[in-house]
Amino acid sequence: MIHVNDNFIKLPSSYLFSEIARRVEQFAATNTGEPVIRMGIGDVTRPICPAAVAAMEKAIADEATERTFKGYGPEQGYLFLREKIVEHDYRARGIDIAADEIFVSDGAKSDTGNIGDILSTDATVAVTDPVYPVYVDTNVMAGRAGELADGRWSRIEYLPCRAENSFIPALPQTAPDVIYLCYPNNPTGTTLTRPQLKQWVDYARRHNSLILFDSAYEAYITEEDVPHSIYEIEGAKEVAIEFRSYSKTAGFTGIRCGYTVVPHALKGIAPDGTAVELNSLWNRRQCTKFNGASYISQRAAEALYTEEGRKQVRQTIDYYMANAKMLLDGLTGAGIECFGGINAPYIWIKTPGALTSWQFFDLLLEKCHLVGTPGVGFGPCGEGYLRLTAFSSHDNTAAAVARIKRLAF
Ligand code: PLP
């Protein structure tokens, strides 16, 4: 029999969402009271905006006639979309990014997971704790993580983010080769200001670290001093790759489209000591392993940059952020400490008393018929927290707040 990649054997099974599903199913089977409200999984609920739907209908019509049919597209994405990204996501913010520094993809999960292909398997890694699990698990698969003990991998540096440090991670101790940052943050919903992010860019420049900056929630930023792109920070192009996604921006979780920026100024070292552009390595990787995002999804993404598209995207985000405000105001009013929810669609709740994440999860399920995500599922420092999402309807959000208030902490 074939020998399998033993790094996969080291990975504990993905327990979090299956365990949530198991507990919810068990509860729902005997529940005769109020219906269960699900605010656990970070999927959106609002439909795709009309501008993108019209663009997809037109794109399907293109595929239906010989003259306009599109087969394989460029692996890097169609120029019509990359030019819109350059103009609206970067030039409009005073950032100079070229179209050939942008790689359109089927989303940020694939790209944040695949980026390790172009990095040394010996590279050391730092992540914030709690963290989006993809960063850790993909490094385990690649053999970079070492051994697991007490919920932590021996070759990964964990940077604690708790209420005590206002969820602002301290700079690493170990000069890691790779640092994953996600802002606005999943799961805590918190952000870094421009001066705070500058410290990371300066650190990476001093220590030759590579920052992998995931800004999947950029569209939810409301505050002026929160950067939308890491390239707003001087010198970032030499140390950072940025990941973006239309999933949460425009409800494309099912459509699938995102992009990754790899600036030409970003260099790595080959074994013989020569400098190589990460851009050319990523291009090679994508051309070998990826055949491009679909023409239809790229036309849909392009439509998001039209005047009407931008207005419609804004309306949906405002809808979710009204939910976030409802949750923040309601829970705070009920005496529950919570964070996030101002520049992100996530509310990070400190569990009342000394409840663990899972104890609070069970309490909310049994007493409020409400499903959240136990914070400990995102890393050891998530213990004692629980995440709620703002991706529900207004009615369900209001009902959830009313039910939590009944608990009277
Ligand atoms: N990055 C973060 C931090 C996320 O929370 C998510 C989705 O939950 C993703 C990336 C994945 O996005 P996509 O749907 O573009 O693959």
# chains A, B, ... in the order shown; residues from 1 in each chain; ligands from 1
call {"tool": "closest_atom_pairs", "arguments": {"of": "chain A", "to": "ligand 1", "cutoff": "10 Å", "atoms": "only C-alpha atoms and all ligand atoms", "output": "JSON lines"}}
result
{"residue": "A:Ile41", "atom": "CA", "partner": "ligand 1", "partner_atom_place_in_ligand_line": "8 (O)", "distance": 8.4}
{"residue": "A:Gly42", "atom": "CA", "partner": "ligand 1", "partner_atom_place_in_ligand_line": "8 (O)", "distance": 5.7}
{"residue": "A:Asp43", "atom": "CA", "partner": "ligand 1", "partner_atom_place_in_ligand_line": "8 (O)", "distance": 7.1}
{"residue": "A:Val44", "atom": "CA", "partner": "ligand 1", "partner_atom_place_in_ligand_line": "8 (O)", "distance": 9.6}
{"residue": "A:Ser105", "atom": "CA", "partner": "ligand 1", "partner_atom_place_in_ligand_line": "15 (O)", "distance": 8.5}
{"residue": "A:Asp106", "atom": "CA", "partner": "ligand 1", "partner_atom_place_in_ligand_line": "15 (O)", "distance": 6.8}
{"residue": "A:Gly107", "atom": "CA", "partner": "ligand 1", "partner_atom_place_in_ligand_line": "15 (O)", "distance": 3.3}
{"residue": "A:Ala108", "atom": "CA", "partner": "ligand 1", "partner_atom_place_in_ligand_line": "15 (O)", "distance": 3.8}
{"residue": "A:Lys109", "atom": "CA", "partner": "ligand 1", "partner_atom_place_in_ligand_line": "16 (O)", "distance": 3.6}
{"residue": "A:Ser110", "atom": "CA", "partner": "ligand 1", "partner_atom_place_in_ligand_line": "16 (O)", "distance": 6.0}
{"residue": "A:Asp111", "atom": "CA", "partner": "ligand 1", "partner_atom_place_in_ligand_line": "16 (O)", "distance": 7.8}
{"residue": "A:Thr112", "atom": "CA", "partner": "ligand 1", "partner_atom_place_in_ligand_line": "10 (C)", "distance": 7.2}
{"residue": "A:Gly113", "atom": "CA", "partner": "ligand 1", "partner_atom_place_in_ligand_line": "10 (C)", "distance": 9.2}
{"residue": "A:Val131", "atom": "CA", "partner": "ligand 1", "partner_atom_place_in_ligand_line": "3 (C)", "distance": 8.2}
{"residue": "A:Tyr132", "atom": "CA", "partner": "ligand 1", "partner_atom_place_in_ligand_line": "3 (C)", "distance": 5.6}
{"residue": "A:Pro133", "atom": "CA", "partner": "ligand 1", "partner_atom_place_in_ligand_line": "3 (C)", "distance": 8.8}
{"residue": "A:Val134", "atom": "CA", "partner": "ligand 1", "partner_atom_place_in_ligand_line": "1 (N)", "distance": 8.1}
{"residue": "A:Tyr135", "atom": "CA", "partner": "ligand 1", "partner_atom_place_in_ligand_line": "1 (N)", "distance": 9.0}
{"residue": "A:Leu181", "atom": "CA", "partner": "ligand 1", "partner_atom_place_in_ligand_line": "3 (C)", "distance": 9.0}
{"residue": "A:Cys182", "atom": "CA", "partner": "ligand 1", "partner_atom_place_in_ligand_line": "3 (C)", "distance": 5.9}
{"residue": "A:Tyr183", "atom": "CA", "partner": "ligand 1", "partner_atom_place_in_ligand_line": "3 (C)", "distance": 7.9}
{"residue": "A:Pro184", "atom": "CA", "partner": "ligand 1", "partner_atom_place_in_ligand_line": "3 (C)", "distance": 8.3}
{"residue": "A:Asn185", "atom": "CA", "partner": "ligand 1", "partner_atom_place_in_ligand_line": "3 (C)", "distance": 6.6}
{"residue": "A:Asn186", "atom": "CA", "partner": "ligand 1", "partner_atom_place_in_ligand_line": "3 (C)", "distance": 5.1}
{"residue": "A:Pro187", "atom": "CA", "partner": "ligand 1", "partner_atom_place_in_ligand_line": "5 (O)", "distance": 7.4}
{"residue": "A:Phe213", "atom": "CA", "partner": "ligand 1", "partner_atom_place_in_ligand_line": "3 (C)", "distance": 9.5}
{"residue": "A:Asp214", "atom": "CA", "partner": "ligand 1", "partner_atom_place_in_ligand_line": "1 (N)", "distance": 6.0}
{"residue": "A:Ser215", "atom": "CA", "partner": "ligand 1", "partner_atom_place_in_ligand_line": "3 (C)", "distance": 7.1}
{"residue": "A:Ala216", "atom": "CA", "partner": "ligand 1", "partner_atom_place_in_ligand_line": "1 (N)", "distance": 5.3}
{"residue": "A:Tyr217", "atom": "CA", "partner": "ligand 1", "partner_atom_place_in_ligand_line": "3 (C)", "distance": 7.3}
{"residue": "A:Phe243", "atom": "CA", "partner": "ligand 1", "partner_atom_place_in_ligand_line": "1 (N)", "distance": 7.9}
{"residue": "A:Arg244", "atom": "CA", "partner": "ligand 1", "partner_atom_place_in_ligand_line": "15 (O)", "distance": 7.1}
{"residue": "A:Ser245", "atom": "CA", "partner": "ligand 1", "partner_atom_place_in_ligand_line": "15 (O)", "distance": 4.3}
{"residue": "A:Tyr246", "atom": "CA", "partner": "ligand 1", "partner_atom_place_in_ligand_line": "15 (O)", "distance": 6.3}
{"residue": "A:Ser247", "atom": "CA", "partner": "ligand 1", "partner_atom_place_in_ligand_line": "14 (O)", "distance": 4.7}
{"residue": "A:Lys248", "atom": "CA", "partner": "ligand 1", "partner_atom_place_in_ligand_line": "14 (O)", "distance": 7.2}
{"residue": "A:Thr249", "atom": "CA", "partner": "ligand 1", "partner_atom_place_in_ligand_line": "15 (O)", "distance": 9.5}
{"residue": "A:Gly251", "atom": "CA", "partner": "ligand 1", "partner_atom_place_in_ligand_line": "14 (O)", "distance": 9.1}
{"residue": "A:Phe252", "atom": "CA", "partner": "ligand 1", "partner_atom_place_in_ligand_line": "14 (O)", "distance": 7.2}
{"residue": "A:Thr253", "atom": "CA", "partner": "ligand 1", "partner_atom_place_in_ligand_line": "14 (O)", "distance": 5.0}
{"residue": "A:Gly254", "atom": "CA", "partner": "ligand 1", "partner_atom_place_in_ligand_line": "14 (O)", "distance": 8.0}
{"residue": "A:Ile255", "atom": "CA", "partner": "ligand 1", "partner_atom_place_in_ligand_line": "14 (O)", "distance": 9.0}
{"residue": "A:Arg256", "atom": "CA", "partner": "ligand 1", "partner_atom_place_in_ligand_line": "14 (O)", "distance": 6.5}
{"residue": "A:Cys257", "atom": "CA", "partner": "ligand 1", "partner_atom_place_in_ligand_line": "15 (O)", "distance": 6.4}
{"residue": "A:Gly258", "atom": "CA", "partner": "ligand 1", "partner_atom_place_in_ligand_line": "15 (O)", "distance": 5.5}
{"residue": "A:Tyr259", "atom": "CA", "partner": "ligand 1", "partner_atom_place_in_ligand_line": "15 (O)", "distance": 8.3}
{"residue": "A:Tyr346", "atom": "CA", "partner": "ligand 1", "partner_atom_place_in_ligand_line": "5 (O)", "distance": 9.9}
call {"tool": "residues_around", "arguments": {"residues": "Leu192 (chain A)", "least_positions_apart": "6", "cutoff": "12 Å", "atoms": "only C-alpha atoms", "output": "list of chain:residue names"}}
result
A:Cys161, A:Ser166, A:Phe167, A:Ile168, A:Pro169, A:Ala170, A:Leu181, A:Cys182, A:Tyr183, A:Pro184, A:Asn185, A:Lys198, A:Gln199, A:Trp200, A:Phe213, A:Ser215, A:Glu218, A:Ile221, A:Glu223, A:Glu224, A:Asp225, A:Val226, A:Pro227, A:His228, A:Ser229, A:Ile230, A:Gly340, A:Asn343, A:Ala344
call {"tool": "residues_around", "arguments": {"residues": "Cys381 (chain A)", "least_positions_apart": "2", "cutoff": "12 Å", "atoms": "only C-alpha atoms", "output": "VMD selection string"}}
result
chain A and resid 127 to 131 150 to 152 158 to 165 167 169 187 to 188 350 356 to 357 374 to 379 383 to 386
call {"tool": "write_last_selection", "arguments": {"atoms": "N, CA and C atoms", "output": "short mmCIF file (atom, residue, chain, number, x, y, z; two decimals), in the first residue's frame"}}
result
data_model
loop_
_atom_site.label_atom_id
_atom_site.label_comp_id
_atom_site.auth_asym_id
_atom_site.auth_seq_id
_atom_site.Cartn_x
_atom_site.Cartn_y
_atom_site.Cartn_z
N VAL A 127 1.51 32.67 14.41
CA VAL A 127 0.08 32.99 14.21
C VAL A 127 -0.45 33.66 15.47
N THR A 128 -1.49 34.45 15.29
CA THR A 128 -2.18 34.97 16.46
C THR A 128 -3.01 33.84 17.07
N ASP A 129 -3.32 33.95 18.32
CA ASP A 129 -4.13 32.93 19.01
C ASP A 129 -5.21 33.68 19.80
N PRO A 130 -6.50 33.49 19.43
CA PRO A 130 -7.13 32.57 18.48
C PRO A 130 -6.81 32.94 17.03
N VAL A 131 -7.11 31.96 16.13
CA VAL A 131 -6.72 32.12 14.72
C VAL A 131 -7.67 31.37 13.80
N ASP A 150 -0.69 19.99 24.17
CA ASP A 150 -1.58 20.94 24.84
C ASP A 150 -2.18 21.97 23.89
N GLY A 151 -2.59 21.50 22.72
CA GLY A 151 -3.28 22.38 21.78
C GLY A 151 -2.36 23.28 20.98
N ARG A 152 -1.04 23.13 21.16
CA ARG A 152 -0.12 23.99 20.40
C ARG A 152 0.92 23.15 19.68
N TYR A 158 2.82 31.09 18.92
CA TYR A 158 1.45 31.58 19.11
C TYR A 158 1.50 32.95 19.78
N LEU A 159 0.76 33.89 19.26
CA LEU A 159 0.77 35.26 19.78
C LEU A 159 -0.59 35.52 20.43
N PRO A 160 -0.64 35.46 21.77
CA PRO A 160 -1.93 35.54 22.45
C PRO A 160 -2.67 36.85 22.20
N CYS A 161 -3.97 36.74 21.97
CA CYS A 161 -4.84 37.91 21.82
C CYS A 161 -6.01 37.72 22.76
N ARG A 162 -6.01 38.50 23.84
CA ARG A 162 -7.06 38.40 24.84
C ARG A 162 -7.53 39.80 25.20
N ALA A 163 -8.60 39.85 25.99
CA ALA A 163 -9.08 41.17 26.44
C ALA A 163 -7.96 41.92 27.16
N GLU A 164 -7.11 41.18 27.88
CA GLU A 164 -6.05 41.81 28.68
C GLU A 164 -5.09 42.64 27.82
N ASN A 165 -4.86 42.21 26.58
CA ASN A 165 -3.99 43.04 25.71
C ASN A 165 -4.80 43.70 24.59
N PHE A 167 -6.60 42.50 22.54
CA PHE A 167 -6.52 41.68 21.33
C PHE A 167 -5.46 42.19 20.35
N PRO A 169 -1.78 41.61 19.44
CA PRO A 169 -0.70 40.67 19.74
C PRO A 169 0.63 41.39 19.94
N PRO A 187 -11.35 35.18 14.52
CA PRO A 187 -12.72 35.28 15.03
C PRO A 187 -13.03 36.49 15.93
N THR A 188 -12.05 37.28 16.33
CA THR A 188 -12.33 38.25 17.43
C THR A 188 -13.06 39.50 16.97
N LYS A 350 -17.03 37.55 25.87
CA LYS A 350 -16.36 36.96 27.04
C LYS A 350 -17.43 36.16 27.77
N THR A 356 -16.59 27.94 30.70
CA THR A 356 -15.71 27.67 29.56
C THR A 356 -16.50 27.98 28.28
N SER A 357 -15.77 28.00 27.17
CA SER A 357 -16.42 28.25 25.88
C SER A 357 -17.56 27.26 25.63
N PRO A 374 -17.81 28.11 19.91
CA PRO A 374 -16.95 28.20 21.10
C PRO A 374 -15.57 28.73 20.72
N GLY A 375 -15.13 29.77 21.42
CA GLY A 375 -13.86 30.42 21.09
C GLY A 375 -12.68 29.50 21.14
N VAL A 376 -12.73 28.50 22.03
CA VAL A 376 -11.58 27.60 22.19
C VAL A 376 -11.32 26.80 20.90
N GLY A 377 -12.31 26.71 20.04
CA GLY A 377 -12.13 26.03 18.76
C GLY A 377 -11.17 26.75 17.84
N PHE A 378 -10.87 28.01 18.14
CA PHE A 378 -9.95 28.80 17.30
C PHE A 378 -8.54 28.87 17.90
N GLY A 379 -8.32 28.17 19.00
CA GLY A 379 -6.99 28.20 19.62
C GLY A 379 -7.11 28.31 21.13
N GLU A 383 -10.25 30.15 24.68
CA GLU A 383 -10.99 29.59 25.82
C GLU A 383 -11.57 30.74 26.64
N GLY A 384 -12.86 30.56 27.03
CA GLY A 384 -13.51 31.62 27.80
C GLY A 384 -14.16 32.68 26.91
N TYR A 385 -14.22 32.40 25.60
CA TYR A 385 -14.91 33.31 24.67
C TYR A 385 -15.84 32.51 23.77
N LEU A 386 -16.76 33.22 23.12
CA LEU A 386 -17.66 32.59 22.15
C LEU A 386 -17.92 33.60 21.02
#
call {"tool": "atom_distance", "arguments": {"atom1": "CA of Gly77 (chain A)", "atom2": "CA of Thr65 (chain A)"}}
result
21.6 Å
call {"tool": "atom_distance", "arguments": {"atom1": "CA of Ala54 (chain A)", "atom2": "CA of Leu304 (chain A)"}}
result
10.9 Å
call {"tool": "select_by_dssp", "arguments": {"residues": "region 243-384 of chain A", "states": "strand (DSSP E)", "output": "VMD selection string"}}
result
chain A and resid 243 to 245 258 to 261 267 to 269 275 to 277 338 to 340 346 to 350 370 to 371 373 to 374
call {"tool": "atom_distance", "arguments": {"atom1": "CA of Val104 (chain A)", "atom2": "CA of Ile317 (chain A)"}}
result
22.4 Å
call {"tool": "residues_around", "arguments": {"residues": "Arg46 (chain A)", "least_positions_apart": "5", "cutoff": "10 Å", "atoms": "only C-alpha atoms", "output": "ChimeraX atom specification"}}
result
/A:250-251,316-317,319-320,391-393
call {"tool": "write_last_selection", "arguments": {"atoms": "N, CA, C and O atoms", "output": "JSON list (two decimals), in the first residue's frame"}}
result
[["chain", "number", "residue", "atom", "x", "y", "z"],
["A", 250, "ALA", "N", -19.29, 40.45, -0.79],
["A", 250, "ALA", "CA", -20.44, 40.50, -1.70],
["A", 250, "ALA", "C", -21.24, 39.20, -1.73],
["A", 250, "ALA", "O", -21.97, 38.94, -2.68],
["A", 251, "GLY", "N", -21.09, 38.40, -0.69],
["A", 251, "GLY", "CA", -21.90, 37.17, -0.61],
["A", 251, "GLY", "C", -21.47, 36.11, -1.60],
["A", 251, "GLY", "O", -22.28, 35.26, -2.00],
["A", 316, "THR", "N", -25.78, 45.78, 1.61],
["A", 316, "THR", "CA", -25.74, 44.47, 2.28],
["A", 316, "THR", "C", -24.82, 44.53, 3.50],
["A", 316, "THR", "O", -25.16, 44.01, 4.57],
["A", 317, "ILE", "N", -23.67, 45.16, 3.32],
["A", 317, "ILE", "CA", -22.75, 45.25, 4.46],
["A", 317, "ILE", "C", -23.38, 46.08, 5.58],
["A", 317, "ILE", "O", -23.29, 45.71, 6.76],
["A", 319, "TYR", "N", -26.45, 46.26, 6.20],
["A", 319, "TYR", "CA", -27.46, 45.39, 6.80],
["A", 319, "TYR", "C", -26.82, 44.51, 7.88],
["A", 319, "TYR", "O", -27.30, 44.46, 9.02],
["A", 320, "TYR", "N", -25.72, 43.87, 7.53],
["A", 320, "TYR", "CA", -25.04, 43.01, 8.50],
["A", 320, "TYR", "C", -24.50, 43.83, 9.68],
["A", 320, "TYR", "O", -24.55, 43.39, 10.84],
["A", 391, "PHE", "N", -24.21, 37.72, 10.47],
["A", 391, "PHE", "CA", -24.70, 37.33, 9.15],
["A", 391, "PHE", "C", -26.13, 36.78, 9.17],
["A", 391, "PHE", "O", -26.51, 36.03, 8.28],
["A", 392, "SER", "N", -26.90, 37.13, 10.19],
["A", 392, "SER", "CA", -28.27, 36.62, 10.29],
["A", 392, "SER", "C", -29.24, 37.66, 9.73],
["A", 392, "SER", "O", -28.82, 38.71, 9.26],
["A", 393, "SER", "N", -30.53, 37.38, 9.84],
["A", 393, "SER", "CA", -31.54, 38.39, 9.49],
["A", 393, "SER", "C", -31.68, 39.34, 10.68],
["A", 393, "SER", "O", -31.30, 39.02, 11.81]]
call {"tool": "residues_around", "arguments": {"residues": "Gly333 (chain A)", "least_positions_apart": "2", "cutoff": "12 Å", "atoms": "only C-alpha atoms", "output": "ChimeraX atom specification"}}
result
/A:325-331,335-338,401-402,404-406,408-409
call {"tool": "write_last_selection", "arguments": {"atoms": "C-alpha atoms", "output": "PDB file, in the first residue's frame"}}
result
ATOM      1  CA  LYS A 325     -24.596  46.910  16.401  1.00  0.00           C
ATOM      2  CA  MET A 326     -27.782  45.277  17.663  1.00  0.00           C
ATOM      3  CA  LEU A 327     -25.720  42.446  19.140  1.00  0.00           C
ATOM      4  CA  LEU A 328     -23.074  44.716  20.643  1.00  0.00           C
ATOM      5  CA  ASP A 329     -25.576  47.152  22.192  1.00  0.00           C
ATOM      6  CA  GLY A 330     -27.923  44.417  23.362  1.00  0.00           C
ATOM      7  CA  LEU A 331     -25.307  42.186  24.933  1.00  0.00           C
ATOM      8  CA  GLY A 335     -23.989  43.085  31.255  1.00  0.00           C
ATOM      9  CA  ILE A 336     -22.053  40.813  28.914  1.00  0.00           C
ATOM     10  CA  GLU A 337     -18.568  41.868  27.911  1.00  0.00           C
ATOM     11  CA  CYS A 338     -18.087  41.766  24.150  1.00  0.00           C
ATOM     12  CA  VAL A 401     -30.566  39.493  21.770  1.00  0.00           C
ATOM     13  CA  ALA A 402     -33.940  39.278  23.510  1.00  0.00           C
ATOM     14  CA  ILE A 404     -29.847  36.342  25.829  1.00  0.00           C
ATOM     15  CA  LYS A 405     -31.238  39.220  27.885  1.00  0.00           C
ATOM     16  CA  ARG A 406     -33.604  36.751  29.572  1.00  0.00           C
ATOM     17  CA  ALA A 408     -29.922  38.098  33.201  1.00  0.00           C
ATOM     18  CA  PHE A 409     -26.220  37.954  34.023  1.00  0.00           C
TER      19      PHE A 409
END
call {"tool": "select_by_dssp", "arguments": {"residues": "region 168-276 of chain A", "states": "helix (DSSP H, G or I)", "output": "VMD selection string"}}
result
chain A and resid 194 to 207 218 to 220 230 to 232 236 to 238 247 to 250
call {"tool": "closest_residue", "arguments": {"among": "A:Arg38, A:Gly273, A:Asp177, A:Lys237", "to": "Ala21 (chain A)", "atoms": "only C-alpha atoms"}}
result
A:Arg38
call {"tool": "residues_around", "arguments": {"residues": "Gln286 (chain A)", "least_positions_apart": "3", "cutoff": "12 Å", "atoms": "only C-alpha atoms", "output": "number ranges by chain"}}
result
A: 74-77, 102-106, 110-111, 114-115, 117-118, 259-260, 279-283, 289-293
call {"tool": "closest_residue", "arguments": {"among": "A:Phe8, A:Phe27, A:Tyr90, A:Trp153", "to": "Glu232 (chain A)", "atoms": "only C-alpha atoms"}}
result
A:Tyr90
call {"tool": "closest_residue", "arguments": {"among": "A:Ala303, A:Val313, A:Met1, A:Val36", "to": "Met56 (chain A)", "atoms": "only C-alpha atoms"}}
result
A:Ala303
call {"tool": "residues_around", "arguments": {"residues": "Lys70 (chain A)", "least_positions_apart": "2", "cutoff": "10 Å", "atoms": "only C-alpha atoms", "output": "JSON, numbers by chain"}}
result
{"A": [59, 60, 62, 63, 64, 65, 66, 67, 68, 72, 73, 294, 295, 296]}
call {"tool": "write_last_selection", "arguments": {"atoms": "all heavy atoms", "output": "mmCIF file, in the first residue's frame"}}
result
data_model
loop_
_atom_site.group_PDB
_atom_site.id
_atom_site.type_symbol
_atom_site.label_atom_id
_atom_site.label_comp_id
_atom_site.auth_asym_id
_atom_site.auth_seq_id
_atom_site.Cartn_x
_atom_site.Cartn_y
_atom_site.Cartn_z
ATOM 1 N N ALA A 59 -22.776 36.770 -18.612
ATOM 2 C CA ALA A 59 -21.616 35.896 -18.823
ATOM 3 C C ALA A 59 -22.060 34.505 -19.287
ATOM 4 O O ALA A 59 -21.404 33.883 -20.127
ATOM 5 C CB ALA A 59 -20.799 35.797 -17.534
ATOM 6 N N ILE A 60 -23.174 34.028 -18.747
ATOM 7 C CA ILE A 60 -23.698 32.717 -19.187
ATOM 8 C C ILE A 60 -24.123 32.812 -20.659
ATOM 9 O O ILE A 60 -23.842 31.911 -21.447
ATOM 10 C CB ILE A 60 -24.878 32.272 -18.293
ATOM 11 C CG1 ILE A 60 -24.350 31.922 -16.897
ATOM 12 C CG2 ILE A 60 -25.599 31.067 -18.897
ATOM 13 C CD1 ILE A 60 -25.417 31.755 -15.842
ATOM 14 N N ASP A 62 -22.795 34.730 -22.821
ATOM 15 C CA ASP A 62 -21.527 34.728 -23.584
ATOM 16 C C ASP A 62 -21.077 33.297 -23.855
ATOM 17 O O ASP A 62 -20.609 32.969 -24.949
ATOM 18 C CB ASP A 62 -20.400 35.424 -22.792
ATOM 19 C CG ASP A 62 -20.563 36.936 -22.738
ATOM 20 O OD1 ASP A 62 -21.386 37.480 -23.509
ATOM 21 O OD2 ASP A 62 -19.867 37.566 -21.909
ATOM 22 N N GLU A 63 -21.211 32.463 -22.829
ATOM 23 C CA GLU A 63 -20.753 31.068 -22.978
ATOM 24 C C GLU A 63 -21.644 30.295 -23.954
ATOM 25 O O GLU A 63 -21.248 29.242 -24.445
ATOM 26 C CB GLU A 63 -20.765 30.347 -21.612
ATOM 27 C CG GLU A 63 -19.807 30.915 -20.568
ATOM 28 C CD GLU A 63 -18.342 30.597 -20.835
ATOM 29 O OE1 GLU A 63 -17.992 30.315 -21.992
ATOM 30 O OE2 GLU A 63 -17.549 30.638 -19.883
ATOM 31 N N ALA A 64 -22.841 30.833 -24.238
ATOM 32 C CA ALA A 64 -23.827 30.082 -25.027
ATOM 33 C C ALA A 64 -23.718 30.338 -26.526
ATOM 34 O O ALA A 64 -24.426 29.715 -27.306
ATOM 35 C CB ALA A 64 -25.240 30.415 -24.527
ATOM 36 N N THR A 65 -22.877 31.271 -26.921
ATOM 37 C CA THR A 65 -22.742 31.485 -28.366
ATOM 38 C C THR A 65 -21.282 31.357 -28.784
ATOM 39 O O THR A 65 -20.373 31.703 -28.013
ATOM 40 C CB THR A 65 -23.275 32.874 -28.815
ATOM 41 O OG1 THR A 65 -22.441 33.862 -28.225
ATOM 42 C CG2 THR A 65 -24.712 33.108 -28.417
ATOM 43 N N GLU A 66 -21.079 30.888 -29.996
ATOM 44 C CA GLU A 66 -19.733 30.588 -30.471
ATOM 45 C C GLU A 66 -18.833 31.820 -30.466
ATOM 46 O O GLU A 66 -17.668 31.763 -30.096
ATOM 47 C CB GLU A 66 -19.850 30.028 -31.890
ATOM 48 C CG GLU A 66 -18.693 29.163 -32.276
ATOM 49 C CD GLU A 66 -18.941 28.498 -33.623
ATOM 50 O OE1 GLU A 66 -20.101 28.160 -33.947
ATOM 51 O OE2 GLU A 66 -17.952 28.338 -34.354
ATOM 52 N N ARG A 67 -19.394 32.954 -30.859
ATOM 53 C CA ARG A 67 -18.605 34.180 -31.013
ATOM 54 C C ARG A 67 -18.060 34.676 -29.677
ATOM 55 O O ARG A 67 -16.957 35.182 -29.585
ATOM 56 C CB ARG A 67 -19.494 35.249 -31.669
ATOM 57 C CG ARG A 67 -18.752 36.466 -32.187
ATOM 58 C CD ARG A 67 -19.721 37.431 -32.870
ATOM 59 N NE ARG A 67 -20.901 37.736 -32.056
ATOM 60 C CZ ARG A 67 -20.930 38.608 -31.055
ATOM 61 N NH1 ARG A 67 -19.847 39.273 -30.737
ATOM 62 N NH2 ARG A 67 -22.044 38.814 -30.360
ATOM 63 N N THR A 68 -18.839 34.511 -28.610
ATOM 64 C CA THR A 68 -18.445 35.097 -27.315
ATOM 65 C C THR A 68 -18.002 34.034 -26.299
ATOM 66 O O THR A 68 -17.656 34.369 -25.173
ATOM 67 C CB THR A 68 -19.638 35.884 -26.714
ATOM 68 O OG1 THR A 68 -20.781 35.030 -26.733
ATOM 69 C CG2 THR A 68 -19.911 37.152 -27.493
ATOM 70 N N TYR A 72 -10.780 28.210 -21.268
ATOM 71 C CA TYR A 72 -9.787 28.544 -20.230
ATOM 72 C C TYR A 72 -9.466 30.033 -20.303
ATOM 73 O O TYR A 72 -9.233 30.575 -21.377
ATOM 74 C CB TYR A 72 -8.475 27.787 -20.486
ATOM 75 C CG TYR A 72 -8.522 26.291 -20.245
ATOM 76 C CD1 TYR A 72 -8.127 25.413 -21.240
ATOM 77 C CD2 TYR A 72 -8.918 25.787 -19.022
ATOM 78 C CE1 TYR A 72 -8.140 24.041 -21.034
ATOM 79 C CE2 TYR A 72 -8.929 24.416 -18.806
ATOM 80 C CZ TYR A 72 -8.542 23.552 -19.811
ATOM 81 O OH TYR A 72 -8.552 22.203 -19.607
ATOM 82 N N GLY A 73 -9.408 30.650 -19.147
ATOM 83 C CA GLY A 73 -8.975 32.050 -19.110
ATOM 84 C C GLY A 73 -7.533 32.111 -18.630
ATOM 85 O O GLY A 73 -6.916 31.073 -18.362
ATOM 86 N N SER A 294 -13.653 30.945 -12.536
ATOM 87 C CA SER A 294 -14.531 30.868 -13.709
ATOM 88 C C SER A 294 -14.768 32.258 -14.296
ATOM 89 O O SER A 294 -14.774 33.268 -13.584
ATOM 90 C CB SER A 294 -15.863 30.213 -13.339
ATOM 91 O OG SER A 294 -16.692 31.152 -12.684
ATOM 92 N N TYR A 295 -14.965 32.280 -15.597
ATOM 93 C CA TYR A 295 -15.295 33.539 -16.306
ATOM 94 C C TYR A 295 -16.531 34.175 -15.673
ATOM 95 O O TYR A 295 -16.581 35.379 -15.457
ATOM 96 C CB TYR A 295 -15.534 33.201 -17.788
ATOM 97 C CG TYR A 295 -16.068 34.342 -18.607
ATOM 98 C CD1 TYR A 295 -15.289 35.470 -18.845
ATOM 99 C CD2 TYR A 295 -17.354 34.293 -19.143
ATOM 100 C CE1 TYR A 295 -15.779 36.529 -19.603
ATOM 101 C CE2 TYR A 295 -17.854 35.336 -19.917
ATOM 102 C CZ TYR A 295 -17.067 36.454 -20.138
ATOM 103 O OH TYR A 295 -17.553 37.495 -20.882
ATOM 104 N N ILE A 296 -17.504 33.331 -15.322
ATOM 105 C CA ILE A 296 -18.768 33.842 -14.784
ATOM 106 C C ILE A 296 -18.543 34.539 -13.438
ATOM 107 O O ILE A 296 -19.046 35.643 -13.207
ATOM 108 C CB ILE A 296 -19.790 32.675 -14.668
ATOM 109 C CG1 ILE A 296 -20.114 32.148 -16.064
ATOM 110 C CG2 ILE A 296 -21.055 33.120 -13.940
ATOM 111 C CD1 ILE A 296 -20.781 30.793 -16.086
#
